[in-house]
Structure formats: structure tokens, C-alpha cells
Amino acid sequence: MLTTFAKRTILATAISGLLSTGALAGSVEVLHYWTSGGEAKSAAVLKDLLEKEGHEWKDFAVAGGGGESAMTVLKSRAVSGNPPSAAQIKGPDIQEWADLGFLTELDQVAGNNNWDQQLPQVVANVMKYDGHYVAVPVNVHRVNWIWANPEVLKQAGVDEVPSSWEELIAVAPKIKAAGFIPLAHGGQAWQDATLFEAVVLGVGGADFYQKAMVETDADALSGDTMVKVLDTFKRLRPLIDDDAAGREWNIATAMVINGKAAMQVMGDWAKGEFTAAGKIPGKDYVCAPAPGTQNTFTFNVDSFAMFEVSDAGDKQAQADLARLILEPTFQEAFNLNKGSIPVRTDLPMDKFDSCAKMSMNDFISTSKQGGLVPSMAHGMAVPSAVQGAIYDTVTNFFNSDDMTPEQAAEKLAKAVRAAI
Amino acid sequence: MAAHEMTQSAATASISDDATAGTEPVRRGVGFGERVQRLLPKLVLGPTMLTTLLFIYGYVIWTGVLSVTKSRFLPQYDFVGLLQYEKLLDNDRWGVASLNIVIFGGLFILICLGLGVLMAILLDQKIRAEGSIRTIFLYPMALSFIVTGTAWKWILNPGLGLEKLLQDWGFEQFTFDWLVDPDMAIYTLVIAAVWQSSGFVMALFLAGLRGVDNSIVKAAQLDGASMPTIYRRIILPHLRPVFFSAFIILSHIAIKSFDLVMALTGGGPGYSTDLPATFMYTTAFSRGQMALGSASAMLMLGVVLAILIPYLYSELRGKNNG
């Protein structure tokens, strides 16, 4: 039983509490495309954290098309002069938006919270326009993984996951003879490109990858190394079953889980499928860097770009959102849900599984020694027009019988030149 | 242009009405009623006309303007002349898409018309249970292309559908892998589209056949003409307007085919089943090449007009003279 006095005191405290934060409280409208189960849960974590600071979170989730629908909505909102405060935009698209003058600077938040020390420089550069932070990274997906079913490998008499593409091609006949599909794959342009960039990195190395896939240097794109890469890439085609055309990536992952196929080259979101099927890393499945890419790391970083807002309260809310995204609480909760790793390199990894720990180790070491490169296939390296041109050539070459690697390299250079 | 004439004539009509009402106040009640009656169709059609003007012709013009700029993922107005069209014609994928629409559109329209006419003639032979058979043939039209595409994707998948079924039944040599063969995949689109639309064409022709005057057929029979001759020389020429409508409907289904491709092949394997509509969507919306996408849309429009205008002209002129 509370006395009237006590009740009043509580009420007064509550009101004054409200008022004190109310002075700086605002709302943020957040455009994102985290709508599937685990992702929606991750977004809710951020929402709770923000509401604890006294701000209002206006959810603006647009499902579908891997963010394509969200981008369409964002464009129409931006053109009509009413963009949301924050939107999930990644890679070079951040530069495009900043270039059009839509984004706001986050230097104060970044300075107060030492972002420059917490983030690897390669990642920080993607978030900066003209030297100023305009976006906040959320997580890091590693793309150059190979996922294997150890039981299938054992039955085929293969001792360990191949560590080079040549080795993979060499052991494939054994796996086929044992009645399994060596490589699970889905014949969609982005999956072809994911496999392709792993071959570029594995055969050509990180420096060549940087030249060809990031700087889109014409000589690198049409040169001898690229011909060799394309030749290796094409020799992987027979390792994939004939029905792969149009298959979704998670169906391909299921083939590895169910023991129909031996391995799949895919980013670490594939781990979610293994986890959902109740499989344990190291025992039921093995994760390893894609063949030949041991000391390199292709990153795919989700991020929020912050748009210019006028209201002072909303500005404060936006800054708090940016700060919260990089704080340990959210980084840990979000990435445990999503299967990725924190973008900060100074966080404890105790709660993460062995694959994520390995990912973090490689992330830290490659960010210091070089070898940390942006993923072309996932829109981190080049603008979408150039990415599209590479997709077209790669998928066409992979699926047609009458193109030599030399011709494909020429076409690649030509298509990229036309798209710039 | 038609809309312009209409608004003008509406304006003239209302002016003359006002004049009549002013000089002859006695007949005001009648005049008002007449005026409303005369204005009503225009009032009702007005909003539709305005939205059509804005959302179709207005945006056609805007797309045309965008196609000569260097817009990337938002519209911007730095004009670069015909650069985007040059890029487009140099683009391998656009070449494939253009060739595909010729193959797909041509085969789809021809087969649909042929099958539709044949089924309609057969159904018109006063057979039993015509009603239910007609419904069965017409039913696919009630499905969306997404459903058709997904169902055929499973049927045609070599490891899942027809090929596996027949192989399991003992026909082990049987292969039917068009869906995963880059050279043949475009024909799977034709199969699915024909399956969906030929019943509808049949219904159109059946209605047409029922409208043919029986006495002409009887007269021809008296003259000793055989049934095939009667169909070839008398009935089918009578159905010319039906051919016309069927052609128009089928060609616009073919040109705007997008959902079928997305559901059945996703444009693959590679980009071997890309059509101009999917190309346009990809470049303009997902790749941030709005100007290039607009250029492809303008080319599509140009080709459609090049085919439709002479056809419409010859058909409509014939009607006016008659």
C-alpha cells in the first residue's frame, strides 16, 4: 500500500524524468529490410535500446527483393523531400547518396566514441564521404566461406576440405564416384558471382582482386591472370549438378545439410540454415575459408546511412541511434541473431560459435596485414551498374558452352568500361 | 489529341448551353436537364482522361527525357544526347533480350492463335459436355502468371518434374531439360504462356463462331462446299475482327511478360531468357542505370508502335470505309 504522498512523489519523479529526457528526445524513422525472423528480432533489440534513451522509433520496414523494394521506396521519399532519418544502405551506394547531398555528417558522434580506433580502416572508408562519417556499420559478413558436410567427405575418401581450387577439382571425381554432388550451388547471377569472386581471390590473390574487382583496372580485367581465373571458374561447372538453374541459395545449403552434396561456397548467412537444422559447427558441418583464400577476407558490411534532418530533437535521436549501433550491447545481440560478426574488433567473442570466432580472428589479422577486401558480388566494391555488368558477363560465361576464357575476359573488360 | 478535341468540344458545348439558357429563360428547366445529360458523360470520363494523360502520356514523355540524360539511380538532367542508346545497342544482354522477345512473342502469338482456332472449331461441333470442357480450357486464364510460372518451373525441372517422372516409370532414356539449357530455356516460356492463354483465345473464337450467320453456311453446303472449304473460305474470313482482337491482346501479353519470366526462369540460366521488360526493370531499378533503362523502355515503345500503327491503320480504315 502506498500513501498518497508516496504516489505523488513517484508521479512527480516520473514526470520530471520524462521532462529531463524530453528536452532532447526526438524520433527516428528507420528504413530497413530486416523482416525475416532472426533479422526482425535483431532490429527489435535496437528499437528497445533507443526507446530506453527516451526517443521514439518509427519502424519503416520494407520487405522483399534483398532490399530492392526498400531502395525504391527510399528513392521516392528522398525525391519528394521527405527522407527517413536513417536507412539501410551499403557499399558505394553510400557515396552516391552523399554525393547527391542527402546525408548528414556524424563526425561528432564518431569522435566522441573513437570510431576510428574501433573500426578497421578499410571498413571505415566505406562509411566516409570526403573524410566525414555519413554512415554507421552494423555487422560484418564474411563471404569467402566454404561449408562442407564431413560425413560426405569421409564416405568419398576425402580427408579434409580442399585448400585450393585445383585440389577441389582434383578430389571432385572421388566425391562423384561415391554418389554425391561435389559442389552445391544455385544458378542465379549473384550466386555465380559469389563463387566467381572467391575464385578471383583464390587464384589471383588479394592484390589482383583489389585491382580487378575494386579498382576495375582494364588490364587486370582482360589480362592473363583473369583468363586463368575464368578457366578455373569454368572447370567448376561440372562439379555442380545439372538442375542448379534458378535454385535458391538456401536450397543448395539444404543439399549439404542433407548429405546430397559435399560442399557449398557461400557467405556466413548460410550458417543460419545449419543452425536452424540443429547442426553443430565442427561436428555436423565444417566451415573453412573458400579454397585458396586462407589469409584473405571478403567483407559484406550492412550499414545505416543517416539523412539530413532539421528538428533538434530528431537530430539528437539520430546521433544516439548512431552511437547505440556501435555499442557492445547491440553489436553482440544483433550479430548472435544474424550469424555475422561485430564490426568492432575490440569486443569479447565468448558467446559466439567457432565459425564466428575464426571469422573474427581473420577479420582482425587481415585488417592489419592486408587481405581484407570488399565483396564485389554483394555490392561493397563497385557501384551497382558496374556490379551488374560483371554479373552479366560472369553468369553468361558460366552457363554458355561456346565462350573461351579469353573471350570472356575481353567481354568483362568491355562491359565494365561501358557501365562506368 | 483525341482528349484535346474532347475537352474543346466540351467547352463549346457548355458555352452554347449557357447562351441558350440566357436567351430563353422559359425553357430553363428542360435546358438544364439536357445540359446535365449532355455534360454527364464528359464529367464522368474527365478524371479518367486526365489520369490517362498524366500517368501514361506524361510519363512516356518523362521517360523519353530521362533516356537522353545521364541519370543514375535518381533522375538528374545533364543531357548527353543519344549516348544511352549507343550503350544499349552495344550491350550483349539487350541483344539477347531483343532476340528473345522476337522468338517468344512470335511463337506465343502463332501457337496461341492456331491452337485457339482449332479448339474453338472442334468445340463448335455440337459435342456433349461442351460447357465443362470449355471451362477446363479456359481455367488457366484465371491463374496469375506467377502461379503458372512456379508450377511449370516444377514440372519442367529435370530433377523434380516430368523428366524424373518418366524416368521413374522406366523410360530411362527420356530427357527433357530445356529449363536448364541456356539455348532452349526461352521455349519453356512459350510452353507455359501458351498453356495459360490458348484457352482464352479459344473462348474468343468460339464466341465469334457462334456469331457467324448459319444461313450462309447452309447456302454453301447446298452449293456442295465441303466443311474444310466452308471453314477456310467463309467462316474464318468472317472471324477477321476476332483475329484482330486476339492478336492485339496476345501481343501485349507477350510484350509486358515479366512475372512469368521472373517465376519460371528468373531470366536464367545466365541471362538467356531475359526479355526487354525484365532488362528494363533490372537496369532502371536494381542497377541504378535509370537513363539506360529509360532508353530501353523507349526502344520497346518504338517497336510496339512500329508494329501496331500500320496494323491498326489498315484494320480501322477498312471499318470506316465499310
# chains A, B, ... in the order shown; residues from 1 in each chain; ligands from 1

$ residues_around --residues "range 97-108 of chain B" --least-positions-apart "6" --cutoff "8 Å" --atoms "only C-alpha atoms" --output "PyMOL selection string"
chain B and resi 186-187+189-190+193-194+250-251+254-255+272-276+279

$ write_last_selection --atoms "N, CA and C atoms" --output "JSON list (two decimals), in the first residue's frame"
[["chain", "number", "residue", "atom", "x", "y", "z"],
["B", 186, "ILE", "N", 14.25, -20.46, -73.42],
["B", 186, "ILE", "CA", 13.25, -19.49, -73.88],
["B", 186, "ILE", "C", 11.98, -20.20, -74.35],
["B", 187, "TYR", "N", 12.14, -21.45, -74.86],
["B", 187, "TYR", "CA", 10.96, -22.17, -75.34],
["B", 187, "TYR", "C", 10.07, -22.67, -74.20],
["B", 189, "LEU", "N", 9.32, -20.84, -71.75],
["B", 189, "LEU", "CA", 8.43, -19.70, -71.52],
["B", 189, "LEU", "C", 7.25, -19.78, -72.47],
["B", 190, "VAL", "N", 7.53, -20.16, -73.73],
["B", 190, "VAL", "CA", 6.47, -20.27, -74.72],
["B", 190, "VAL", "C", 5.46, -21.33, -74.27],
["B", 193, "ALA", "N", 3.34, -20.02, -71.36],
["B", 193, "ALA", "CA", 2.46, -18.92, -71.76],
["B", 193, "ALA", "C", 1.33, -19.43, -72.65],
["B", 194, "VAL", "N", 1.65, -20.36, -73.55],
["B", 194, "VAL", "CA", 0.63, -20.93, -74.43],
["B", 194, "VAL", "C", -0.41, -21.69, -73.60],
["B", 250, "LEU", "N", -2.89, -10.75, -77.37],
["B", 250, "LEU", "CA", -1.73, -11.63, -77.20],
["B", 250, "LEU", "C", -0.43, -10.85, -77.31],
["B", 251, "SER", "N", -0.38, -9.88, -78.24],
["B", 251, "SER", "CA", 0.90, -9.20, -78.37],
["B", 251, "SER", "C", 1.19, -8.34, -77.15],
["B", 254, "ALA", "N", 2.50, -10.63, -74.55],
["B", 254, "ALA", "CA", 3.88, -11.03, -74.84],
["B", 254, "ALA", "C", 4.86, -9.93, -74.46],
["B", 255, "ILE", "N", 4.53, -8.69, -74.83],
["B", 255, "ILE", "CA", 5.48, -7.61, -74.61],
["B", 255, "ILE", "C", 5.62, -7.27, -73.14],
["B", 272, "SER", "N", 19.91, -15.92, -70.32],
["B", 272, "SER", "CA", 19.44, -16.42, -71.61],
["B", 272, "SER", "C", 17.95, -16.24, -71.83],
["B", 273, "THR", "N", 17.15, -16.03, -70.78],
["B", 273, "THR", "CA", 15.72, -15.83, -71.01],
["B", 273, "THR", "C", 15.27, -14.42, -70.64],
["B", 274, "ASP", "N", 16.22, -13.50, -70.66],
["B", 274, "ASP", "CA", 15.89, -12.12, -70.38],
["B", 274, "ASP", "C", 14.98, -11.57, -71.48],
["B", 275, "LEU", "N", 13.97, -10.81, -71.10],
["B", 275, "LEU", "CA", 13.13, -10.13, -72.09],
["B", 275, "LEU", "C", 13.33, -8.63, -71.90],
["B", 276, "PRO", "N", 12.96, -7.81, -72.89],
["B", 276, "PRO", "CA", 13.16, -6.37, -72.73],
["B", 276, "PRO", "C", 12.55, -5.82, -71.44],
["B", 279, "PHE", "N", 14.82, -6.67, -68.60],
["B", 279, "PHE", "CA", 16.04, -5.89, -68.76],
["B", 279, "PHE", "C", 15.83, -4.46, -68.27]]

$ residues_around --residues "Glu53 in chain A" --least-positions-apart "5" --cutoff "9 Å" --atoms "only C-alpha atoms" --output "ChimeraX atom specification"
/A:21,25,48,317,320

$ residues_around --residues "range 237-250 of chain A" --least-positions-apart "3" --cutoff "8 Å" --atoms "only C-alpha atoms" --output "list in words"
Ile169, Ala172, Ile181, Pro182, Leu183, Ala184, His185, Gly186, Gly187, Gln188, Gln191, Phe233, Lys234, Thr253, Ala254, Ala270, Glu273 and Phe398 of chain A; Asn157, Pro158, Gly159, Leu179, Val180, Thr265, Gly266, Gly268 and Pro269 of chain B

$ residues_around --residues "Lys414 in chain A" --least-positions-apart "6" --cutoff "12 Å" --atoms "only C-alpha atoms" --output "number ranges by chain"
A: 216-219, 221-222, 386, 389-390, 392-393, 407-408, 420; B: 87, 90-92

$ write_last_selection --atoms "C-alpha atoms" --output "mmCIF file, in the first residue's frame"
data_model
loop_
_atom_site.group_PDB
_atom_site.id
_atom_site.type_symbol
_atom_site.label_atom_id
_atom_site.label_comp_id
_atom_site.auth_asym_id
_atom_site.auth_seq_id
_atom_site.Cartn_x
_atom_site.Cartn_y
_atom_site.Cartn_z
ATOM 1 C CA THR A 216 38.171 -2.313 -62.163
ATOM 2 C CA ASP A 217 41.509 -1.842 -63.874
ATOM 3 C CA ALA A 218 41.096 -2.698 -67.574
ATOM 4 C CA ASP A 219 44.422 -4.540 -67.844
ATOM 5 C CA LEU A 221 40.152 -7.464 -66.140
ATOM 6 C CA SER A 222 41.353 -8.680 -69.518
ATOM 7 C CA VAL A 386 29.455 -1.948 -62.730
ATOM 8 C CA ALA A 389 27.954 -5.594 -65.852
ATOM 9 C CA ILE A 390 30.266 -8.064 -64.090
ATOM 10 C CA ASP A 392 26.071 -10.387 -66.699
ATOM 11 C CA THR A 393 29.392 -11.442 -68.167
ATOM 12 C CA GLN A 407 36.750 -14.079 -74.953
ATOM 13 C CA ALA A 408 35.087 -13.815 -71.547
ATOM 14 C CA ILE A 420 31.300 3.271 -65.730
ATOM 15 C CA LYS B 87 25.406 1.922 -74.950
ATOM 16 C CA ASP B 90 26.281 -2.255 -77.740
ATOM 17 C CA ASN B 91 25.009 -4.257 -74.760
ATOM 18 C CA ASP B 92 25.111 -8.048 -75.187
#

$ select_by_dssp --residues "range 245-410 of chain A" --states "strand (DSSP E or B)" --output "list in words"
Ala245, Ala261, Ala262, Met263, Gln264, Val265, Pro281, Tyr285, Val286, Cys287, Ala288, Pro289, Phe297, Thr298, Phe299, Asn300, Val301, Asp302, Ser303, Phe304, Ala305, Met306, Phe307, Ile341, Pro342, Leu372, Val373 and Pro374 of chain A

$ select_by_dssp --residues "range 79-274 of chain B" --states "alpha helix (DSSP H)" --output "ChimeraX atom specification"
/B:83-89,92-123,130-138,145-156,162-168,185-210,214-222,227-229,236-238,240-255,259-264

$ atom_distance --atom1 "CA of Ala120 in chain B" --atom2 "CA of Arg210 in chain B"
10.0 Å

$ closest_atom_pairs --of "chain A" --to "chain B" --cutoff "6 Å" --atoms "only C-alpha atoms" --output "JSON lines"
{"residue": "A:Ala245", "atom": "CA", "partner": "B:Val180", "partner_atom": "CA", "distance": 5.5}
{"residue": "A:Ser384", "atom": "CA", "partner": "B:Arg287", "partner_atom": "CA", "distance": 4.8}
{"residue": "A:Ala385", "atom": "CA", "partner": "B:Arg287", "partner_atom": "CA", "distance": 5.0}
{"residue": "A:Thr395", "atom": "CA", "partner": "B:Gly270", "partner_atom": "CA", "distance": 4.7}
{"residue": "A:Asn396", "atom": "CA", "partner": "B:Gly270", "partner_atom": "CA", "distance": 4.7}
{"residue": "A:Asn399", "atom": "CA", "partner": "B:Gly270", "partner_atom": "CA", "distance": 5.7}

$ write_last_selection --atoms "C-alpha atoms" --output "mmCIF file, in the first residue's frame"
data_model
loop_
_atom_site.group_PDB
_atom_site.id
_atom_site.type_symbol
_atom_site.label_atom_id
_atom_site.label_comp_id
_atom_site.auth_asym_id
_atom_site.auth_seq_id
_atom_site.Cartn_x
_atom_site.Cartn_y
_atom_site.Cartn_z
ATOM 1 C CA ALA A 245 19.489 -23.304 -62.690
ATOM 2 C CA SER A 384 25.615 -1.259 -58.876
ATOM 3 C CA ALA A 385 25.920 -0.531 -62.607
ATOM 4 C CA THR A 395 26.868 -15.659 -65.391
ATOM 5 C CA ASN A 396 26.747 -15.775 -69.177
ATOM 6 C CA ASN A 399 26.350 -21.010 -68.364
#

$ atom_distance --atom1 "CA of Asp93 in chain A" --atom2 "CA of Gly379 in chain A"
8.3 Å

$ residues_around --residues "range 224-229 of chain A" --least-positions-apart "5" --cutoff "8 Å" --atoms "only C-alpha atoms" --output "PyMOL selection string"
chain A and resi 199-200+203-204+405-406+408-409

$ residues_around --residues "Gln331 in chain A" --least-positions-apart "6" --cutoff "9 Å" --atoms "only C-alpha atoms" --output "CSV table (one decimal) with C-alpha atoms, in the first residue's frame"
chain,number,residue,atom,x,y,z
A,138,VAL,CA,26.2,-2.7,-38.2
A,139,ASN,CA,27.9,-6.1,-38.8
A,324,LEU,CA,23.9,2.7,-30.0
A,325,ILE,CA,24.6,0.8,-33.1
A,341,ILE,CA,30.4,-10.9,-36.5
A,342,PRO,CA,30.6,-7.5,-34.8
A,343,VAL,CA,32.2,-4.8,-36.9
A,344,ARG,CA,34.2,-3.6,-33.8
A,347,LEU,CA,34.7,-7.0,-28.4

$ atom_distance --atom1 "CA of Glu39 in chain A" --atom2 "CA of Thr345 in chain A"
22.0 Å

$ residues_around --residues "Val212 in chain B" --least-positions-apart "5" --cutoff "9 Å" --atoms "only C-alpha atoms" --output "list in words"
Val217, Ile235, His238 and Leu239 of chain B
